[in-house]
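In what follows, a structure is listed as structure tokens, so that the remarks can point back to it.
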Amino acid sequence: MVLVWLLAIPLVGSILALASGDRGAKFVAVGLSLVEIVAFIVLLAHGPVTLNAPWIPDWGVRFHLGADGLSMFLIGLTTVMTTMALFASSPAYPKSYFFWILFLEFGMVGVFESLDLMLFYVFWEVILIPIFFLLTGYTGSHGRATAMKWLIMNLVGSLFMLIGIIAVAVLHAQPFGTLTFEINQLTHVPMSAAVAPWIFASFFLAFAIKAPLWPFHGWMPDSYSEAPAPVTALLSGVMSKAGIYGFLRIMLPIFMPQMRHYQTGLLILAAIGLVYGAFMALRQKDMKMAAAYASLSHMGMMALGVFSLTEAGILGATFLMVAHGLIIGGLFVVLGFTEERTKTRDIAAMGGLNDDAPRLAVYFLFFALAALGLPGLPGFTGEYLIIQGLVAHDMVFAVIAGVVLVVAAWYMIRLFQGVMQSVRQGPKIFDLSAAQVGYIGTLALLVVLLGVWPAGITSHAAPTLYHAVHLLATKGGAAS
Amino acid sequence: MQGVAEIVLLPLFGAITIGMFKGIMPKKLPGVWASLLVGISFLISIAQVLKLSRLPVHHRFLTGTAFAWITGFGPAIHWRYYLDPLSGLWLLVITGVGMLIHIYSIGYMHDDAQKARYFSYLNFFVFSMLLLVLAGNLLVLLIGWALVGLASYLLIGFWYQRPSAVRAAKKAFVMNTVGDVGILLGLALLYIHYHTVSYPGLFQIFDHQSPTAFFEWTAFLLYLGAMAKSAQFPLHMWLADAMEGPTPVSALIHAATMVTAGVYLMARLYPLLRIAPDIAYLVAAIGAFTAIFAASIAIFQRDIKKVLAYSTLSQLGYMFLGVGVGAYTAGVFHFMTHAFFKALLFLAAGSVIHALAGEQDLNHMGGLWRKMPWTTWSFLAGTLAISGIPPFSGYFSKEAILGEAFNLGHPFLWAVGAITAGLTTFYMFRLFFLAFFGRPRNQKLYDHAHEAPWVMTVPVVILAVLATFGGFLKGWLNQWLAPVFALYAGASHAGLESGPLWTTGVTVGLAVIAFIVAYMLYIRKQTPVNAASEHGIGQWAYHAWYMDAVWTAVAVVPFKKIGNAVMQAETGILATVKGIGTVVWDWSQDLRPLQTGYVRRYALSMMVGVGAILVYYLIRV
């Protein structure tokens, strides 16, 4: 039941925000997003839960929702980051803006809750719409072009996935007789060598574009840098996780033989993205672009964890999804604070902001350190686990990941120092308000908690992941 | 947790309270509060060490688990502590010397508007360092390892308006990350094979192993961490630049404690070094090389802190030499005496800099002994100690390292160490004479110079006493550390031994000759400060043998090239996307009426559909 509430609250909230007009929209949206967090806490207290009912019986499509160790914390991430984004927003057209943000939350929760491929696909498409309108309406002069780029790339990906979904279900129906789209029943789909790579590719493409993984990130630089910072926080912090989640939730169970077959290629692809994003981040002049490419690099890290097909790597990717969501989301919120005050994103035009805004500097540094994977903070936990998995599989990739950690330290410190240190030349700026400290501080505390006690997540995620790796083992995967 | 948690958490509490309430705290409170908390931590440490000393010799350690770090799936690692005589010694030095430096800082930072931030960072450093040495497994160690690096970064860049400080801080952070990654990979390798990273767990396994390439690699990766943190060649440059931080920071972090973390790690991992003999030798060889290399640079420096920075590098080299050849107690002994005399030297130098309104260049010093008697004679005690003149503390520890290196069959390493001892005496007395004797070279600064306030001189004098008499702790230390090195195989020569008498004669003789040369050059002949470093080999050495340029060529330039290539590739990718986009856009123009209507209807129908289903289930269930 709580699963339905988690969907209903943001959906109803979005309509209420629309109805309450420009003045009250933010108040209503924030209020309902807090209620959504309460609903998540109820879910957390309740533990894993599913809901399975017929939806379109003729096609075997079921309204199958669930929250387990893998998805539960991603739902939590969605609720927390949505609230953060709402707090941090002061848009030009509040009514529709808050409507779309809550609608996006609805879609994201739906993606993470779906256990039926068709339902998953519906929610996958649902999230395109709010993001399209948020990019069109609220992103400066290039808004329309940015939004079109985003929409076209993602539509291409998801349409191929739709074909893939139907193909998988049909192939499964041939020997078993019944048509079903439920993920947990599609684990033994007989696929001939001729069609398997194509079906595999159709899913892979959709997830790789969404994450995004290199070289499918063409939509990312514009969207991340042009969108309002809270929207970028949601894109990079929450929406990007849908891609990695797809690998874990759908591709591991259904395509394990293919995953193993293409493992080296997949690892190389992920490693290129990891290195590529890091070096791009090092060279950016625009602070949001630097964070955007850092995020691309991190997505490569998560993909490495998944593709290592080891316990540690998969656990690391699962954990890093949540940790990275909070961290990169927080970083973009802080970058938003900075841009709002300096009216620029150019690193060279800033510097020395620490003088006027010491509190902003503290949070800037905190999220930068978390993003570069400082041991003791949760980004490190995920990266450690992934590297642990890579060491088990192939030391070369572990060493590459290690070198990138050094580059990450370099680009994040460069970003922080460029914006905050040295001598200030521009006009005086204001420090964070008490309210801003309130919500960004809460997020920082949550990040610290996850860093000190990652077991809070890893021990809960274990049963679900056991299941995934059990499949891995029974199909001859390299579980270690 | 039996009191161990308090030792670590009190300074953290200090850092947080000062950080949060610095706006409403009275101006003097942060310094007093920070010092007090480290002081309490020191007292609890003494109590813990006393408790430890009452345990039976073959079981002299305290260990325990606070809570799980990760569990459930994949690796299982806990927050674990491990207190034995080795970590106990570090504990006492960190909190004891740390407390003195906190107190000294109250005077040194008196006029700084940002001093609350300073004390918050300083307490955070003590917390991180204590976490590092009390860690019961490699993972908790790594967390402490990285956090001391962060504290060091924050304090090097404390005066962040100075571009040079910002650059130095960045360099320190990035170079230390190289070391962190080394430890990370090393511990991952160990976990894969043995499913534990806790010290007792690993060491019991190592006890039954013989040397293999696997252990050499693992030891190398862990040594990489030690190399970065303890500024061993070639990862040493950050330490000289780190002098951009306030001087008490140089004393605490970049001399007495943090930079010795590598020595701690290598001593802690002696069961691993036994089965990685090549790496053990590498540790010793790089240590010896760092010692003489840094000494050669120190001779030509003009900045009082730079001389001390390179002398720290050089002395760290000695410690690694000791640990690498297996003279574990000697290496640790030198850590202790070095903590006393180098903290003393830095704090005394800080008093000089304080008295000269921030001037650090020896060209502006001279004759200060008349103005600052306490500082001068304390500095002399430190100089004698580092020079290894008996019976000052440095003599005992340095002789223990060199003697044992000779005994264990490393005459070449011994010779390098002995020559370095001579160089050390020379550059330290050069520094001492140039700063405190001769004619004042800057009359204006000299006229305004004054002895430091008592809050600064008292810690300096206490350290001077320790630097003078600390060597007599030799017997006690040998006994105290023996249980640590008796627990596992690999430290048969850990105890203190002395070499043949003539070797001591040679090092002391070289020191005396070096002293005479320094006296002749800088007291008798009044040689100018810059004379030797303006041309020829002196110029090369003055510029630290241009290692910065080498690093730029070897690491920074290739990285920039990769960056350029990546930037070009990105242009290609974005152009491709744009090209495809344009094609699709042109094509869609034809369907424009359909398209615009389509997206909205799509949204609407989807919402209505899904909403209806939700409502249905909300009513039904």
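All residue names refer to the structure tokens as shown: chains lettered A, B, ... in order, residues numbered from 1 in each chain, ligands numbered from 1 in order.
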Do you know which residues are at most 12 Å from Ile462 of chain B counting only C-alpha atoms, after dropping those on the same chain fewer than 6 positions away, and could you put them as a compact mmCIF listing (two decimals) with C-alpha atoms, in the first residue's frame?
# COMPACT_ATOMS: atom_id res chain seq x y z
CA GLY B 96 51.49 15.59 24.16
CA VAL B 97 53.43 17.52 21.53
CA MET B 99 48.96 20.06 23.21
CA LEU B 100 52.19 22.08 23.47
CA ILE B 101 51.80 23.29 19.90
CA ILE B 103 49.22 26.31 23.48
CA TYR B 104 52.02 27.90 21.50
CA PHE B 340 60.82 16.67 20.18
CA PHE B 341 63.68 18.45 18.48
CA ALA B 343 58.85 20.60 16.85
CA LEU B 344 61.20 22.64 19.01
CA LEU B 347 58.40 26.59 17.15
CA ALA B 348 61.58 28.48 17.91
CA TRP B 374 65.25 31.78 25.57
CA THR B 375 64.54 31.11 21.93
CA SER B 378 66.36 26.39 23.01
CA PHE B 379 67.13 26.47 19.30
CA ALA B 381 69.50 22.49 22.07
CA GLY B 382 67.47 21.46 19.03
CA TRP B 454 55.50 33.18 27.77
CA VAL B 455 52.65 31.28 26.15
CA MET B 456 55.06 30.64 23.29
CA THR B 468 68.08 17.44 25.31
CA PHE B 469 67.29 14.52 27.59
CA GLY B 470 64.91 12.47 25.42
### Task
Skip Ala415 of chain B itself and residues of its chain fewer than 4 positions away, then list as a list in words all residues within 9 Å of it, counting only C-alpha atoms.
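Listed by chain and then number, they are Leu402, Phe406, His410, Pro411, Ile419 and Thr420 of chain B.
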Please dump the current selection as a PDB file, in the first residue's frame; keep C-alpha atoms.
ATOM      1  CA  LEU B 402      73.164   3.784  11.588  1.00  0.00           C
ATOM      2  CA  PHE B 406      75.937  -1.388   9.563  1.00  0.00           C
ATOM      3  CA  HIS B 410      74.324  -2.449   4.754  1.00  0.00           C
ATOM      4  CA  PRO B 411      77.679  -0.622   4.918  1.00  0.00           C
ATOM      5  CA  ILE B 419      77.796  11.594   5.405  1.00  0.00           C
ATOM      6  CA  THR B 420      74.281  12.959   5.798  1.00  0.00           C
TER       7      THR B 420
END
List every residue of chain A that has an atom at most 6 Å from any atom of chain B, and for each one report the closest atom pair and its distance in Å to one decimal, counting only C-alpha atoms, with rows sorted by chain and then by increasing residue number, as a Markdown table.
| residue | atom | partner | partner_atom | distance |
| --- | --- | --- | --- | --- |
| A:Gly218 | CA | B:Leu574 | CA | 5.5 |
| A:Phe279 | CA | B:Gly563 | CA | 5.2 |
| A:Glu311 | CA | B:Gly74 | CA | 5.1 |
| A:Ala312 | CA | B:Gly74 | CA | 4.7 |
| A:Pro375 | CA | B:Ile143 | CA | 4.9 |
| A:Gly376 | CA | B:Ile143 | CA | 5.4 |
| A:Gln388 | CA | B:Ala188 | CA | 5.2 |
| A:Gly402 | CA | B:Val181 | CA | 5.7 |
| A:Val406 | CA | B:Thr177 | CA | 5.6 |
| A:Ala409 | CA | B:Val174 | CA | 6.0 |
| A:Trp410 | CA | B:Val174 | CA | 5.8 |
| A:Gln421 | CA | B:Tyr160 | CA | 5.5 |
| A:Ser422 | CA | B:Gln161 | CA | 4.1 |
| A:Val423 | CA | B:Gln161 | CA | 5.1 |
| A:Trp453 | CA | B:Trp69 | CA | 5.4 |
| A:Pro454 | CA | B:Ile70 | CA | 5.6 |
| A:Ala455 | CA | B:Ile70 | CA | 4.1 |
| A:Ser459 | CA | B:Gly72 | CA | 4.2 |
| A:Ala462 | CA | B:Phe73 | CA | 5.2 |
### Every residue of segment 40-137 of chain A that DSSP places in strand (DSSP E or B), as a list in words
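After running DSSP on the backbone, segment 40-137 of chain A has strand (DSSP E or B) at Val49, Thr50, Leu51, Asn52, Ala53, Pro54, Trp55, Ile56, Val61, Arg62, Phe63, His64, Leu65, Gly66, Ala67, Ser114 and Asp116 of chain A.
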Polymer residues at most 6 Å from segment 326-334 of chain A, only C-alpha atoms, same-chain spacing of 2 or more positions, as a tab-separated table (two decimals) with N, CA and C atoms, in the first residue's frame:
chain	number	residue	atom	x	y	z
A	229	ALA	N	19.99	25.13	-11.51
A	229	ALA	CA	20.78	24.21	-10.69
A	229	ALA	C	19.95	23.13	-10.00
A	230	PRO	N	18.78	23.45	-9.44
A	230	PRO	CA	18.02	22.38	-8.78
A	230	PRO	C	17.59	21.30	-9.77
A	233	ALA	N	20.49	19.20	-10.38
A	233	ALA	CA	20.69	18.33	-9.23
A	233	ALA	C	19.82	17.09	-9.35
A	237	GLY	N	21.59	13.79	-10.06
A	237	GLY	CA	21.52	13.06	-8.80
A	237	GLY	C	20.57	11.88	-8.84
A	323	ALA	N	24.89	7.24	-2.92
A	323	ALA	CA	25.85	8.21	-2.40
A	323	ALA	C	26.08	9.33	-3.41
A	324	HIS	N	26.31	8.93	-4.65
A	324	HIS	CA	26.59	9.91	-5.69
A	324	HIS	C	25.39	10.81	-5.91
A	336	GLY	N	24.58	26.20	-7.66
A	336	GLY	CA	23.45	27.10	-7.91
A	336	GLY	C	23.49	28.31	-6.99
A	337	PHE	N	23.75	28.06	-5.71
A	337	PHE	CA	23.90	29.18	-4.77
A	337	PHE	C	24.96	30.15	-5.27
A	367	PHE	N	31.03	19.29	-0.34
A	367	PHE	CA	30.51	18.47	-1.43
A	367	PHE	C	31.58	18.18	-2.47
### Task
Give me the residues within 9 Å of Tyr223 of chain B as a list in words, counting only C-alpha atoms and dropping any in the same chain fewer than 3 places off.
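My reading of the contact set: Gly179, Gly182, Ile183, Thr218, Ala219, Phe220, Ala226, Met227, Ala228, Gly262, Leu265, Met266, Ile279 and Val283 of chain B.
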How would the residues just chosen look if you wrote them out with N, CA and C atoms as a PDB file, in the first residue's frame?
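So the final result, stored in result_28.pdb, reads:
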ATOM      1  N   GLY B 179      49.225   8.513  -2.771  1.00  0.00           N
ATOM      2  CA  GLY B 179      49.490   7.569  -1.690  1.00  0.00           C
ATOM      3  C   GLY B 179      48.226   6.876  -1.208  1.00  0.00           C
ATOM      4  N   GLY B 182      47.376   4.144  -3.446  1.00  0.00           N
ATOM      5  CA  GLY B 182      48.276   3.004  -3.213  1.00  0.00           C
ATOM      6  C   GLY B 182      47.762   2.126  -2.082  1.00  0.00           C
ATOM      7  N   ILE B 183      47.424   2.751  -0.974  1.00  0.00           N
ATOM      8  CA  ILE B 183      46.929   1.976   0.171  1.00  0.00           C
ATOM      9  C   ILE B 183      45.611   1.288  -0.186  1.00  0.00           C
ATOM     10  N   THR B 218      51.990  -6.042  -2.979  1.00  0.00           N
ATOM     11  CA  THR B 218      51.131  -5.465  -1.952  1.00  0.00           C
ATOM     12  C   THR B 218      51.927  -4.500  -1.082  1.00  0.00           C
ATOM     13  N   ALA B 219      53.107  -4.947  -0.661  1.00  0.00           N
ATOM     14  CA  ALA B 219      53.941  -4.094   0.186  1.00  0.00           C
ATOM     15  C   ALA B 219      54.311  -2.820  -0.561  1.00  0.00           C
ATOM     16  N   PHE B 220      54.554  -2.962  -1.872  1.00  0.00           N
ATOM     17  CA  PHE B 220      54.910  -1.772  -2.638  1.00  0.00           C
ATOM     18  C   PHE B 220      53.767  -0.768  -2.644  1.00  0.00           C
ATOM     19  N   ALA B 226      52.919   5.337   2.215  1.00  0.00           N
ATOM     20  CA  ALA B 226      53.893   5.863   3.176  1.00  0.00           C
ATOM     21  C   ALA B 226      54.796   6.889   2.503  1.00  0.00           C
ATOM     22  N   MET B 227      55.173   6.587   1.267  1.00  0.00           N
ATOM     23  CA  MET B 227      56.063   7.462   0.507  1.00  0.00           C
ATOM     24  C   MET B 227      55.439   8.845   0.311  1.00  0.00           C
ATOM     25  N   ALA B 228      54.165   8.859  -0.038  1.00  0.00           N
ATOM     26  CA  ALA B 228      53.505  10.147  -0.264  1.00  0.00           C
ATOM     27  C   ALA B 228      53.338  10.898   1.049  1.00  0.00           C
ATOM     28  N   GLY B 262      53.991   7.482   7.710  1.00  0.00           N
ATOM     29  CA  GLY B 262      54.572   6.444   6.866  1.00  0.00           C
ATOM     30  C   GLY B 262      55.485   5.528   7.654  1.00  0.00           C
ATOM     31  N   LEU B 265      53.322   3.231   9.601  1.00  0.00           N
ATOM     32  CA  LEU B 265      52.731   2.171   8.782  1.00  0.00           C
ATOM     33  C   LEU B 265      53.758   1.077   8.483  1.00  0.00           C
ATOM     34  N   MET B 266      54.971   1.501   8.128  1.00  0.00           N
ATOM     35  CA  MET B 266      55.986   0.507   7.798  1.00  0.00           C
ATOM     36  C   MET B 266      56.371  -0.314   9.035  1.00  0.00           C
ATOM     37  N   ILE B 279      61.081  -5.040  -1.156  1.00  0.00           N
ATOM     38  CA  ILE B 279      60.460  -3.752  -0.835  1.00  0.00           C
ATOM     39  C   ILE B 279      61.061  -3.192   0.448  1.00  0.00           C
ATOM     40  N   VAL B 283      62.615   0.423   0.731  1.00  0.00           N
ATOM     41  CA  VAL B 283      62.273   1.404   1.766  1.00  0.00           C
ATOM     42  C   VAL B 283      63.551   2.002   2.344  1.00  0.00           C
TER      43      VAL B 283
END
#### Entry: Exercise: Leu321 of chain B partners within 7 Å, only C-alpha atoms, chain neighbours under 6 positions left out, as a PyMOL selection string
chain B and resi 283-285+287-288
### Atomic distance atom CA of Gln443 of chain B - atom CA of Leu362 of chain B, expressed in Å with one decimal
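Atom-to-atom, atom CA of Gln443 of chain B and atom CA of Leu362 of chain B are spaced 13.1 Å apart.
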### Task
Mind listing the helix (DSSP H, G or I) residues of segment 59-248 of chain A, per DSSP on the backbone, as number ranges by chain?
A: 59, 72-88, 94-113, 117-126, 128-138, 143-176, 183-185, 196-210, 220-226, 229-248
### Task
Excluding Ile44 of chain B and residues on its chain fewer than 3 positions from it, collect all residues at most 8 Å away from it, counting only C-alpha atoms, and give them as a ChimeraX atom specification.
/B:3,6-7,40-41,47-48
### Message
Residues near segment 324-338 of chain B, anyone? I mean within 6 Å using only C-alpha atoms, not counting same-chain ones fewer than 4 positions away, as a ChimeraX atom specification.
### Response
/B:280-281,283-284,319-320,342,393,397,400-401,494-496
Take the residues just selected and output them with N, CA and C atoms as a PDB file, in the first residue's frame.
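And here's part.pdb as it stands now:
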ATOM      1  N   ALA B 280      61.346  -4.070   1.399  1.00  0.00           N
ATOM      2  CA  ALA B 280      61.993  -3.588   2.627  1.00  0.00           C
ATOM      3  C   ALA B 280      63.310  -2.903   2.276  1.00  0.00           C
ATOM      4  N   TYR B 281      64.061  -3.529   1.382  1.00  0.00           N
ATOM      5  CA  TYR B 281      65.329  -2.909   1.001  1.00  0.00           C
ATOM      6  C   TYR B 281      65.078  -1.590   0.267  1.00  0.00           C
ATOM      7  N   VAL B 283      62.615   0.423   0.731  1.00  0.00           N
ATOM      8  CA  VAL B 283      62.273   1.404   1.766  1.00  0.00           C
ATOM      9  C   VAL B 283      63.551   2.002   2.344  1.00  0.00           C
ATOM     10  N   ALA B 284      64.490   1.138   2.673  1.00  0.00           N
ATOM     11  CA  ALA B 284      65.742   1.603   3.280  1.00  0.00           C
ATOM     12  C   ALA B 284      66.545   2.438   2.296  1.00  0.00           C
ATOM     13  N   MET B 319      64.558   7.676   9.336  1.00  0.00           N
ATOM     14  CA  MET B 319      63.585   6.770   9.962  1.00  0.00           C
ATOM     15  C   MET B 319      63.258   5.609   9.019  1.00  0.00           C
ATOM     16  N   PHE B 320      63.075   5.926   7.729  1.00  0.00           N
ATOM     17  CA  PHE B 320      62.769   4.866   6.765  1.00  0.00           C
ATOM     18  C   PHE B 320      63.960   3.934   6.588  1.00  0.00           C
ATOM     19  N   LYS B 342      62.437  18.533  16.368  1.00  0.00           N
ATOM     20  CA  LYS B 342      61.986  19.267  15.197  1.00  0.00           C
ATOM     21  C   LYS B 342      60.800  20.170  15.519  1.00  0.00           C
ATOM     22  N   SER B 393      69.403  14.157  22.401  1.00  0.00           N
ATOM     23  CA  SER B 393      68.561  13.005  22.075  1.00  0.00           C
ATOM     24  C   SER B 393      68.840  12.433  20.686  1.00  0.00           C
ATOM     25  N   SER B 397      69.300   8.207  18.891  1.00  0.00           N
ATOM     26  CA  SER B 397      68.418   7.556  17.920  1.00  0.00           C
ATOM     27  C   SER B 397      69.100   7.410  16.570  1.00  0.00           C
ATOM     28  N   ALA B 400      71.549   4.644  16.752  1.00  0.00           N
ATOM     29  CA  ALA B 400      70.890   3.335  16.765  1.00  0.00           C
ATOM     30  C   ALA B 400      70.561   2.895  15.342  1.00  0.00           C
ATOM     31  N   ILE B 401      70.054   3.824  14.526  1.00  0.00           N
ATOM     32  CA  ILE B 401      69.708   3.474  13.143  1.00  0.00           C
ATOM     33  C   ILE B 401      70.954   3.117  12.354  1.00  0.00           C
ATOM     34  N   ALA B 494      64.708  -6.126  15.825  1.00  0.00           N
ATOM     35  CA  ALA B 494      63.981  -4.888  16.086  1.00  0.00           C
ATOM     36  C   ALA B 494      64.582  -4.114  17.250  1.00  0.00           C
ATOM     37  N   GLY B 495      65.107  -4.807  18.236  1.00  0.00           N
ATOM     38  CA  GLY B 495      65.612  -4.133  19.437  1.00  0.00           C
ATOM     39  C   GLY B 495      66.787  -3.220  19.128  1.00  0.00           C
ATOM     40  N   LEU B 496      67.050  -2.317  20.051  1.00  0.00           N
ATOM     41  CA  LEU B 496      68.147  -1.370  19.845  1.00  0.00           C
ATOM     42  C   LEU B 496      69.476  -2.085  20.020  1.00  0.00           C
TER      43      LEU B 496
END
